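S.K.: Supplied structure: query-v1.tsv, TSV, C-alpha atoms.
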```
chain	number	residue	atom	x	y	z
A	1	MET	CA	-58.57	-37.12	2.01
A	2	ILE	CA	-61.48	-39.38	1.04
A	3	THR	CA	-62.03	-39.45	-2.71
A	4	ALA	CA	-64.68	-40.94	-5.01
A	5	ARG	CA	-62.16	-43.69	-5.82
A	6	HIS	CA	-61.84	-44.49	-2.11
A	7	ASP	CA	-65.62	-44.72	-1.86
A	8	ASP	CA	-65.67	-47.14	-4.79
A	9	ILE	CA	-62.97	-49.30	-3.18
A	10	ARG	CA	-64.84	-49.41	0.13
A	11	GLU	CA	-68.15	-50.27	-1.51
A	12	ARG	CA	-66.53	-53.12	-3.42
A	13	ALA	CA	-64.95	-54.29	-0.16
A	14	ARG	CA	-68.35	-54.34	1.57
A	15	GLN	CA	-69.68	-56.54	-1.21
A	16	ASP	CA	-66.60	-58.77	-1.03
A	17	LEU	CA	-66.97	-59.28	2.73
A	18	ARG	CA	-70.40	-60.75	2.17
A	19	ARG	CA	-69.33	-62.72	-0.89
A	20	PHE	CA	-66.41	-64.23	1.03
A	21	GLU	CA	-68.83	-64.93	3.93
A	22	VAL	CA	-66.93	-62.69	6.32
A	23	VAL	CA	-70.23	-60.97	7.09
A	24	MET	CA	-72.89	-63.67	7.41
A	25	ASP	CA	-76.63	-63.07	7.82
A	26	GLY	CA	-78.78	-65.58	9.67
A	27	HIS	CA	-79.57	-66.67	13.23
A	28	PHE	CA	-76.40	-67.23	15.25
A	29	ASP	CA	-75.76	-68.64	18.71
A	30	PHE	CA	-72.54	-66.93	19.85
A	31	GLY	CA	-71.98	-69.38	22.68
A	32	ASN	CA	-71.94	-66.66	25.33
A	33	GLY	CA	-75.64	-66.55	26.13
A	34	PHE	CA	-76.51	-64.23	23.23
A	35	HIS	CA	-77.99	-64.71	19.78
A	36	GLY	CA	-77.85	-62.36	16.81
A	37	ARG	CA	-78.61	-61.84	13.13
A	38	VAL	CA	-75.03	-61.23	11.94
A	39	TYR	CA	-71.78	-63.15	12.42
A	40	LEU	CA	-68.44	-61.56	11.56
A	41	ASN	CA	-65.73	-64.08	10.68
A	42	PRO	CA	-62.63	-62.37	9.22
A	43	HIS	CA	-60.71	-65.66	9.21
A	44	GLN	CA	-62.66	-66.52	6.05
A	45	LEU	CA	-60.30	-64.10	4.29
A	46	PHE	CA	-57.17	-66.00	5.22
A	47	ARG	CA	-58.06	-69.39	3.78
A	48	ASN	CA	-56.87	-68.34	0.32
A	49	PRO	CA	-53.80	-66.07	0.00
A	50	SER	CA	-55.24	-64.41	-3.10
A	51	THR	CA	-58.24	-63.20	-1.08
A	52	ILE	CA	-56.27	-61.50	1.68
A	53	TRP	CA	-53.88	-60.06	-0.92
A	54	ARG	CA	-56.80	-58.36	-2.63
A	55	VAL	CA	-58.25	-57.05	0.62
A	56	ALA	CA	-54.84	-55.84	1.82
A	57	GLN	CA	-54.31	-54.09	-1.52
A	58	ASP	CA	-57.61	-52.28	-1.12
A	59	LEU	CA	-56.65	-51.28	2.41
A	60	ILE	CA	-53.34	-49.85	1.19
A	61	ASP	CA	-55.17	-47.93	-1.53
A	62	VAL	CA	-57.33	-46.08	1.02
A	63	MET	CA	-54.42	-45.33	3.38
A	64	PRO	CA	-53.02	-41.78	3.33
A	65	ALA	CA	-49.86	-41.58	1.23
A	66	ALA	CA	-47.99	-39.95	4.10
A	67	LEU	CA	-48.74	-42.90	6.36
A	68	VAL	CA	-47.50	-45.36	3.75
A	69	ALA	CA	-44.35	-43.32	3.21
A	70	GLN	CA	-43.47	-43.21	6.91
A	71	ALA	CA	-44.00	-46.87	7.76
A	72	GLU	CA	-40.86	-48.92	8.34
A	73	VAL	CA	-42.32	-51.87	10.27
A	74	ILE	CA	-45.75	-53.42	9.76
A	75	ALA	CA	-46.81	-55.29	12.91
A	76	GLY	CA	-49.93	-57.16	13.93
A	77	PRO	CA	-51.24	-59.55	16.59
A	78	VAL	CA	-51.68	-63.26	15.85
A	79	THR	CA	-53.43	-64.65	14.01
A	80	GLY	CA	-55.37	-62.40	11.67
A	81	GLY	CA	-53.47	-59.21	12.39
A	82	ALA	CA	-50.10	-60.86	11.85
A	83	LEU	CA	-51.17	-62.39	8.53
A	84	LEU	CA	-52.56	-59.05	7.38
A	85	ALA	CA	-49.42	-57.19	8.48
A	86	HIS	CA	-47.18	-59.65	6.63
A	87	THR	CA	-49.27	-59.26	3.46
A	88	ILE	CA	-49.27	-55.46	3.68
A	89	ALA	CA	-45.50	-55.38	4.14
A	90	GLY	CA	-45.00	-57.51	1.04
A	91	LEU	CA	-47.40	-55.50	-1.09
A	92	LEU	CA	-45.85	-52.21	0.01
A	93	ASP	CA	-42.46	-53.49	-1.09
A	94	GLY	CA	-43.91	-54.04	-4.55
A	95	ARG	CA	-44.50	-50.28	-4.70
A	96	ARG	CA	-41.25	-49.00	-3.23
A	97	ALA	CA	-38.38	-47.52	-5.17
A	98	LEU	CA	-35.56	-50.00	-5.65
A	99	SER	CA	-33.30	-47.68	-3.68
A	100	ALA	CA	-35.62	-47.69	-0.65
A	101	PRO	CA	-35.12	-50.22	2.17
A	102	PRO	CA	-37.66	-53.06	2.36
A	103	HIS	CA	-40.48	-52.99	4.87
A	104	ILE	CA	-40.08	-55.14	7.96
A	105	PHE	CA	-42.70	-57.46	9.42
A	106	ALA	CA	-43.15	-58.01	13.17
A	107	PRO	CA	-45.83	-60.22	14.77
A	108	PHE	CA	-47.14	-59.98	18.30
A	109	GLY	CA	-47.57	-63.36	19.97
A	110	ARG	CA	-49.81	-64.18	22.91
A	111	GLY	CA	-48.70	-63.73	26.49
A	112	PRO	CA	-50.34	-64.71	29.78
A	113	GLY	CA	-54.11	-64.45	29.59
A	114	GLY	CA	-54.00	-64.11	25.82
A	115	ALA	CA	-52.74	-60.50	25.81
A	116	PRO	CA	-50.37	-59.48	23.00
A	117	ALA	CA	-46.68	-60.14	23.64
A	118	LEU	CA	-43.56	-59.02	21.78
A	119	SER	CA	-40.59	-61.38	21.77
A	120	THR	CA	-37.09	-60.15	22.47
A	121	PHE	CA	-36.17	-60.59	18.82
A	122	TYR	CA	-39.08	-58.54	17.49
A	123	ALA	CA	-38.63	-55.93	20.21
A	124	SER	CA	-35.19	-55.33	18.71
A	125	VAL	CA	-36.79	-55.14	15.25
A	126	VAL	CA	-39.17	-52.30	16.18
A	127	ARG	CA	-36.61	-50.37	18.26
A	128	ALA	CA	-36.07	-46.84	16.88
A	129	ARG	CA	-38.41	-47.53	13.95
A	130	ARG	CA	-41.79	-46.19	12.82
A	131	VAL	CA	-44.42	-48.89	13.23
A	132	LEU	CA	-47.78	-49.30	11.51
A	133	LEU	CA	-50.12	-51.59	13.46
A	134	ALA	CA	-52.53	-53.81	11.51
A	135	ASP	CA	-55.40	-56.06	12.59
A	136	ASP	CA	-58.31	-57.76	10.89
A	137	VAL	CA	-61.02	-56.20	13.10
A	138	ARG	CA	-61.05	-53.32	15.56
A	139	ASN	CA	-63.60	-53.94	18.29
A	140	THR	CA	-62.86	-52.04	21.52
A	141	GLY	CA	-59.41	-50.86	20.39
A	142	GLN	CA	-57.79	-52.50	23.42
A	143	THR	CA	-55.61	-54.79	21.31
A	144	PHE	CA	-54.13	-51.87	19.40
A	145	ALA	CA	-53.54	-50.03	22.67
A	146	GLN	CA	-51.73	-53.03	24.17
A	147	CYS	CA	-49.61	-53.48	21.06
A	148	ALA	CA	-48.73	-49.77	21.00
A	149	SER	CA	-47.61	-49.98	24.62
A	150	LEU	CA	-45.29	-52.88	23.76
A	151	VAL	CA	-43.85	-50.96	20.82
A	152	ALA	CA	-43.19	-47.94	23.03
A	153	GLU	CA	-41.52	-50.13	25.66
A	154	ALA	CA	-39.25	-51.51	22.94
A	155	GLY	CA	-38.29	-48.01	21.80
A	156	GLY	CA	-40.38	-47.84	18.63
A	157	VAL	CA	-43.00	-45.31	17.57
A	158	VAL	CA	-46.51	-46.21	16.39
A	159	ILE	CA	-47.49	-43.92	13.52
A	160	GLY	CA	-50.92	-45.35	12.72
A	161	THR	CA	-53.35	-48.24	12.92
A	162	VAL	CA	-55.19	-49.99	10.09
A	163	GLU	CA	-57.82	-52.71	9.99
A	164	ILE	CA	-60.11	-54.44	7.52
A	165	VAL	CA	-63.26	-53.85	9.59
A	166	ASP	CA	-63.89	-51.21	12.25
A	167	ARG	CA	-66.96	-52.14	14.29
A	168	LEU	CA	-67.18	-48.56	15.61
A	169	GLU	CA	-67.12	-49.74	19.22
A	170	ALA	CA	-63.65	-48.49	20.19
A	171	VAL	CA	-63.27	-47.34	23.79
A	172	ALA	CA	-59.47	-47.21	23.62
A	173	THR	CA	-57.96	-44.99	20.93
A	174	LEU	CA	-54.44	-43.85	20.10
A	175	ASP	CA	-53.36	-40.36	19.11
A	176	VAL	CA	-52.48	-41.55	15.60
A	177	PRO	CA	-54.44	-41.95	12.36
A	178	ASN	CA	-56.71	-44.99	12.15
A	179	VAL	CA	-57.76	-46.31	8.74
A	180	ALA	CA	-60.43	-48.97	8.15
A	181	LEU	CA	-61.30	-50.52	4.83
A	182	VAL	CA	-64.90	-50.93	6.00
A	183	ASP	CA	-66.87	-49.37	8.87
A	184	TYR	CA	-69.49	-51.75	10.11
A	185	THR	CA	-72.09	-51.41	12.85
A	186	ALA	CA	-73.58	-54.78	13.71
A	187	PRO	CA	-77.28	-55.03	14.60
A	188	PRO	CA	-78.06	-55.65	18.29
A	189	ASN	CA	-77.69	-59.07	19.87
A	190	TYR	CA	-80.32	-60.67	22.10
A	191	PRO	CA	-80.19	-62.74	25.29
A	192	ALA	CA	-80.80	-66.33	24.25
A	193	THR	CA	-83.78	-66.53	26.61
A	194	THR	CA	-85.61	-63.65	24.88
A	195	CYS	CA	-84.31	-64.01	21.31
A	196	PRO	CA	-87.01	-62.93	18.82
A	197	LEU	CA	-85.48	-65.17	16.16
A	198	CYS	CA	-86.00	-68.19	18.41
A	199	ALA	CA	-89.54	-67.04	19.16
A	200	ALA	CA	-90.22	-66.82	15.42
A	201	GLY	CA	-88.90	-70.35	14.89
A	202	VAL	CA	-85.89	-69.30	12.80
A	203	PRO	CA	-83.37	-72.18	12.90
A	204	ILE	CA	-79.81	-71.61	14.14
A	205	THR	CA	-77.49	-71.05	11.17
A	206	SER	CA	-74.81	-73.72	10.79
A	207	PHE	CA	-71.60	-73.31	8.79
```
Is it possible to express this structure as C-alpha cells?

M.R.:
Amino acid sequence: MITARHDDIRERARQDLRRFEVVMDGHFDFGNGFHGRVYLNPHQLFRNPSTIWRVAQDLIDVMPAALVAQAEVIAGPVTGGALLAHTIAGLLDGRRALSAPPHIFAPFGRGPGGAPALSTFYASVVRARRVLLADDVRNTGQTFAQCASLVAEAGGVVIGTVEIVDRLEAVATLDVPNVALVDYTAPPNYPATTCPLCAAGVPITSF
C-alpha cells in the first residue's frame, strides 16, 4: 500500500537523483546516432558508499513488508545491480531479529554476449531459496527476465524485483511484485541529423 510517507520518500529520491547527477539535463550525444535532453547515469550513485546506502535504504522503506519478510537471497546483475543487491542485503540484516538467519547475497556475472550468467557456486546459493532481484535501472525488463530464468534453472524462486529507477519501458515482465524507488519517463530522443538542440546551437554537454 502506498502511503503519504512513501510519497515523501520518493519525492526526496527524485530530488536526490538530480543532486547526485544521476539525472542530468542538457544536450547529450548518446553515441548511437541519437541526441537527447536527459542522460541517466545511475553509476553516479556508486562512487560513494554512503550515497548508495541512503538510496538503498529508501528503496527498502517503500518495499512491501511481506516482500522484505520473504526474501532470503538478494541477487543482482553486475555492476550496478550487484552493488545494490549487496547493499540491500546488508541493510536488511540491520533490521532482522537476532534469531533470524542473515540475508544472502548473490551476483550475476556476464556470460557470452553480455547476458547475465550465474556461476556454479551462486547457483547452489539460490537453490531452494526465495530470491529478490535488484537492479539500478529497469529499462525493457529483459535483464530481470534473464536473471529469473537462471534462478529457476538453479532451483530457486524469484519473489519480486526492485530497482532504483523504472523507465516505464518494460516489455518483459514477471508475475511477481515490482517495486521502483522512482518512476521516470525520459523525454524523446532525436536522430543526430535532425536534432533541434543542434539546430538551436545548444552545445553538447560534457561531464

S.K.: Is there a way to get, as a list in words, all residues within 6 Å of the point (-45.6, -52.0, 10.5) in file coordinates, counting only C-alpha atoms?

M.R.: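 Residues found, by chain and rising number: Val73, Ile74, Ala75, Val131, Leu132 and Leu133 of chain A.
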
S.K.: For Glu163 of chain A, list every protein, DNA or RNA residue within 9 Å, evaluated using all atoms listed in the file, and leave out those in the same chain fewer than 4 positions away; present the list as a list in words.

M.R.: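 Answer for this query is Leu59, Gly81, Leu84, Leu133, Ala134, Asp135, Asp136, Val137, Arg138, Asn178, Val179, Ala180, Leu181 and Val182 of chain A.
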
S.K.: Hey, which of A:Val162, A:Ala154, A:Ile60, A:Ala66 ends up closest to Leu118 of chain A? Count all atoms listed in the file.

M.R.: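 The shortest atom-to-atom distance to Leu118 of chain A comes from A:Ala154.
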
S.K.: Need the shell around Asp58 of chain A: protein/DNA/RNA residues with any atom at most 9 Å away, counting all atoms listed in the file. Skip same-chain ones fewer than 2 positions apart. Format as a VMD selection string?

M.R.: chain A and resid 6 9 to 10 13 53 to 56 60 to 63 181

S.K.: From the options A:Leu83, A:Pro112, A:Thr161, A:His35, which residue's atoms come nearest to Pro49 of chain A, counting all atoms listed in the file?

M.R.: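 Ranking A:Leu83, A:Pro112, A:Thr161, A:His35 by distance to Pro49 of chain A, first place goes to A:Leu83.
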
S.K.: Could you tell me which of A:Gly113, A:Pro187, A:Pro42, A:Gly36 comes closest to Phe20 of chain A if we count only C-alpha atoms?

M.R.: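 The closest residue to Phe20 of chain A is A:Pro42.
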
S.K.: So how far away is atom CA of Gln15 of chain A from atom CA of Pro177 of chain A, in Å?

M.R.: 25.1 Å

S.K.: Have a look at atom CA of Arg47 of chain A and atom CA of Val202 of chain A and let me know their distance in Å, one decimal.

M.R.: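 Result for atom CA of Arg47 of chain A versus atom CA of Val202 of chain A: 29.3 Å, one decimal.
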
S.K.: Report, in Å to a single decimal, how far apart atom CA of Gly94 of chain A and atom CA of Gly76 of chain A are.

M.R.: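 The value is 19.7 Å.
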
S.K.: Please complete segment 8-43 of chain A with N, CA and C atoms and give it back as a PDB file, keeping the file's coordinate frame.

M.R.:
```
ATOM      1  N   ASP A   8     -65.450 -45.987  -3.924  1.00  0.00           N
ATOM      2  CA  ASP A   8     -65.670 -47.140  -4.790  1.00  0.00           C
ATOM      3  C   ASP A   8     -64.962 -48.378  -4.227  1.00  0.00           C
ATOM      4  N   ILE A   9     -63.733 -48.191  -3.745  1.00  0.00           N
ATOM      5  CA  ILE A   9     -62.970 -49.300  -3.180  1.00  0.00           C
ATOM      6  C   ILE A   9     -63.688 -49.854  -1.952  1.00  0.00           C
ATOM      7  N   ARG A  10     -64.171 -48.968  -1.103  1.00  0.00           N
ATOM      8  CA  ARG A  10     -64.840 -49.410   0.130  1.00  0.00           C
ATOM      9  C   ARG A  10     -66.164 -50.108  -0.173  1.00  0.00           C
ATOM     10  N   GLU A  11     -66.894 -49.620  -1.163  1.00  0.00           N
ATOM     11  CA  GLU A  11     -68.150 -50.270  -1.510  1.00  0.00           C
ATOM     12  C   GLU A  11     -67.888 -51.661  -2.072  1.00  0.00           C
ATOM     13  N   ARG A  12     -66.881 -51.801  -2.907  1.00  0.00           N
ATOM     14  CA  ARG A  12     -66.530 -53.120  -3.420  1.00  0.00           C
ATOM     15  C   ARG A  12     -66.114 -54.045  -2.276  1.00  0.00           C
ATOM     16  N   ALA A  13     -65.383 -53.491  -1.308  1.00  0.00           N
ATOM     17  CA  ALA A  13     -64.950 -54.290  -0.160  1.00  0.00           C
ATOM     18  C   ALA A  13     -66.142 -54.772   0.649  1.00  0.00           C
ATOM     19  N   ARG A  14     -67.146 -53.921   0.840  1.00  0.00           N
ATOM     20  CA  ARG A  14     -68.350 -54.340   1.570  1.00  0.00           C
ATOM     21  C   ARG A  14     -69.020 -55.524   0.864  1.00  0.00           C
ATOM     22  N   GLN A  15     -69.089 -55.443  -0.448  1.00  0.00           N
ATOM     23  CA  GLN A  15     -69.680 -56.540  -1.210  1.00  0.00           C
ATOM     24  C   GLN A  15     -68.826 -57.804  -1.089  1.00  0.00           C
ATOM     25  N   ASP A  16     -67.505 -57.620  -1.136  1.00  0.00           N
ATOM     26  CA  ASP A  16     -66.600 -58.770  -1.030  1.00  0.00           C
ATOM     27  C   ASP A  16     -66.729 -59.460   0.319  1.00  0.00           C
ATOM     28  N   LEU A  17     -66.889 -58.684   1.396  1.00  0.00           N
ATOM     29  CA  LEU A  17     -66.970 -59.280   2.730  1.00  0.00           C
ATOM     30  C   LEU A  17     -68.180 -60.197   2.854  1.00  0.00           C
ATOM     31  N   ARG A  18     -69.242 -59.859   2.169  1.00  0.00           N
ATOM     32  CA  ARG A  18     -70.400 -60.750   2.170  1.00  0.00           C
ATOM     33  C   ARG A  18     -70.178 -61.924   1.203  1.00  0.00           C
ATOM     34  N   ARG A  19     -69.566 -61.651   0.083  1.00  0.00           N
ATOM     35  CA  ARG A  19     -69.330 -62.720  -0.890  1.00  0.00           C
ATOM     36  C   ARG A  19     -68.371 -63.766  -0.337  1.00  0.00           C
ATOM     37  N   PHE A  20     -67.374 -63.310   0.421  1.00  0.00           N
ATOM     38  CA  PHE A  20     -66.410 -64.230   1.030  1.00  0.00           C
ATOM     39  C   PHE A  20     -66.929 -64.806   2.349  1.00  0.00           C
ATOM     40  N   GLU A  21     -68.170 -64.460   2.707  1.00  0.00           N
ATOM     41  CA  GLU A  21     -68.830 -64.930   3.930  1.00  0.00           C
ATOM     42  C   GLU A  21     -68.092 -64.488   5.187  1.00  0.00           C
ATOM     43  N   VAL A  22     -67.485 -63.307   5.111  1.00  0.00           N
ATOM     44  CA  VAL A  22     -66.930 -62.690   6.320  1.00  0.00           C
ATOM     45  C   VAL A  22     -68.084 -62.114   7.126  1.00  0.00           C
ATOM     46  N   VAL A  23     -69.003 -61.447   6.465  1.00  0.00           N
ATOM     47  CA  VAL A  23     -70.230 -60.970   7.090  1.00  0.00           C
ATOM     48  C   VAL A  23     -71.344 -61.932   6.695  1.00  0.00           C
ATOM     49  N   MET A  24     -71.880 -62.643   7.672  1.00  0.00           N
ATOM     50  CA  MET A  24     -72.890 -63.670   7.410  1.00  0.00           C
ATOM     51  C   MET A  24     -74.206 -63.270   8.074  1.00  0.00           C
ATOM     52  N   ASP A  25     -75.281 -63.359   7.313  1.00  0.00           N
ATOM     53  CA  ASP A  25     -76.630 -63.070   7.820  1.00  0.00           C
ATOM     54  C   ASP A  25     -77.323 -64.382   8.175  1.00  0.00           C
ATOM     55  N   GLY A  26     -78.064 -64.380   9.266  1.00  0.00           N
ATOM     56  CA  GLY A  26     -78.780 -65.580   9.670  1.00  0.00           C
ATOM     57  C   GLY A  26     -79.258 -65.478  11.109  1.00  0.00           C
ATOM     58  N   HIS A  27     -79.202 -66.588  11.808  1.00  0.00           N
ATOM     59  CA  HIS A  27     -79.570 -66.670  13.230  1.00  0.00           C
ATOM     60  C   HIS A  27     -78.433 -67.417  13.912  1.00  0.00           C
ATOM     61  N   PHE A  28     -77.634 -66.677  14.702  1.00  0.00           N
ATOM     62  CA  PHE A  28     -76.400 -67.230  15.250  1.00  0.00           C
ATOM     63  C   PHE A  28     -76.440 -67.322  16.765  1.00  0.00           C
ATOM     64  N   ASP A  29     -75.970 -68.442  17.276  1.00  0.00           N
ATOM     65  CA  ASP A  29     -75.760 -68.640  18.710  1.00  0.00           C
ATOM     66  C   ASP A  29     -74.280 -68.400  18.957  1.00  0.00           C
ATOM     67  N   PHE A  30     -73.942 -67.306  19.663  1.00  0.00           N
ATOM     68  CA  PHE A  30     -72.540 -66.930  19.850  1.00  0.00           C
ATOM     69  C   PHE A  30     -71.851 -67.694  20.963  1.00  0.00           C
ATOM     70  N   GLY A  31     -72.588 -68.553  21.652  1.00  0.00           N
ATOM     71  CA  GLY A  31     -71.980 -69.380  22.680  1.00  0.00           C
ATOM     72  C   GLY A  31     -71.707 -68.668  23.984  1.00  0.00           C
ATOM     73  N   ASN A  32     -72.173 -67.432  24.110  1.00  0.00           N
ATOM     74  CA  ASN A  32     -71.940 -66.660  25.330  1.00  0.00           C
ATOM     75  C   ASN A  32     -73.257 -66.212  25.976  1.00  0.00           C
ATOM     76  N   GLY A  33     -74.337 -66.913  25.598  1.00  0.00           N
ATOM     77  CA  GLY A  33     -75.640 -66.550  26.130  1.00  0.00           C
ATOM     78  C   GLY A  33     -76.408 -65.568  25.275  1.00  0.00           C
ATOM     79  N   PHE A  34     -75.846 -65.188  24.110  1.00  0.00           N
ATOM     80  CA  PHE A  34     -76.510 -64.230  23.230  1.00  0.00           C
ATOM     81  C   PHE A  34     -76.676 -64.824  21.835  1.00  0.00           C
ATOM     82  N   HIS A  35     -77.746 -64.374  21.172  1.00  0.00           N
ATOM     83  CA  HIS A  35     -77.990 -64.710  19.780  1.00  0.00           C
ATOM     84  C   HIS A  35     -77.985 -63.415  18.972  1.00  0.00           C
ATOM     85  N   GLY A  36     -77.820 -63.540  17.655  1.00  0.00           N
ATOM     86  CA  GLY A  36     -77.850 -62.360  16.810  1.00  0.00           C
ATOM     87  C   GLY A  36     -78.076 -62.705  15.354  1.00  0.00           C
ATOM     88  N   ARG A  37     -78.303 -61.669  14.545  1.00  0.00           N
ATOM     89  CA  ARG A  37     -78.610 -61.840  13.130  1.00  0.00           C
ATOM     90  C   ARG A  37     -77.361 -61.854  12.249  1.00  0.00           C
ATOM     91  N   VAL A  38     -76.232 -61.369  12.767  1.00  0.00           N
ATOM     92  CA  VAL A  38     -75.030 -61.230  11.940  1.00  0.00           C
ATOM     93  C   VAL A  38     -73.833 -61.835  12.658  1.00  0.00           C
ATOM     94  N   TYR A  39     -73.026 -62.587  11.904  1.00  0.00           N
ATOM     95  CA  TYR A  39     -71.780 -63.150  12.420  1.00  0.00           C
ATOM     96  C   TYR A  39     -70.629 -62.617  11.578  1.00  0.00           C
ATOM     97  N   LEU A  40     -69.600 -62.137  12.240  1.00  0.00           N
ATOM     98  CA  LEU A  40     -68.440 -61.560  11.560  1.00  0.00           C
ATOM     99  C   LEU A  40     -67.262 -62.509  11.730  1.00  0.00           C
ATOM    100  N   ASN A  41     -66.792 -63.075  10.628  1.00  0.00           N
ATOM    101  CA  ASN A  41     -65.730 -64.080  10.680  1.00  0.00           C
ATOM    102  C   ASN A  41     -64.608 -63.697   9.714  1.00  0.00           C
ATOM    103  N   PRO A  42     -63.689 -62.812  10.132  1.00  0.00           N
ATOM    104  CA  PRO A  42     -62.630 -62.370   9.220  1.00  0.00           C
ATOM    105  C   PRO A  42     -61.672 -63.468   8.818  1.00  0.00           C
ATOM    106  N   HIS A  43     -61.627 -64.570   9.569  1.00  0.00           N
ATOM    107  CA  HIS A  43     -60.710 -65.660   9.210  1.00  0.00           C
ATOM    108  C   HIS A  43     -61.070 -66.287   7.878  1.00  0.00           C
TER     109      HIS A  43
END
```
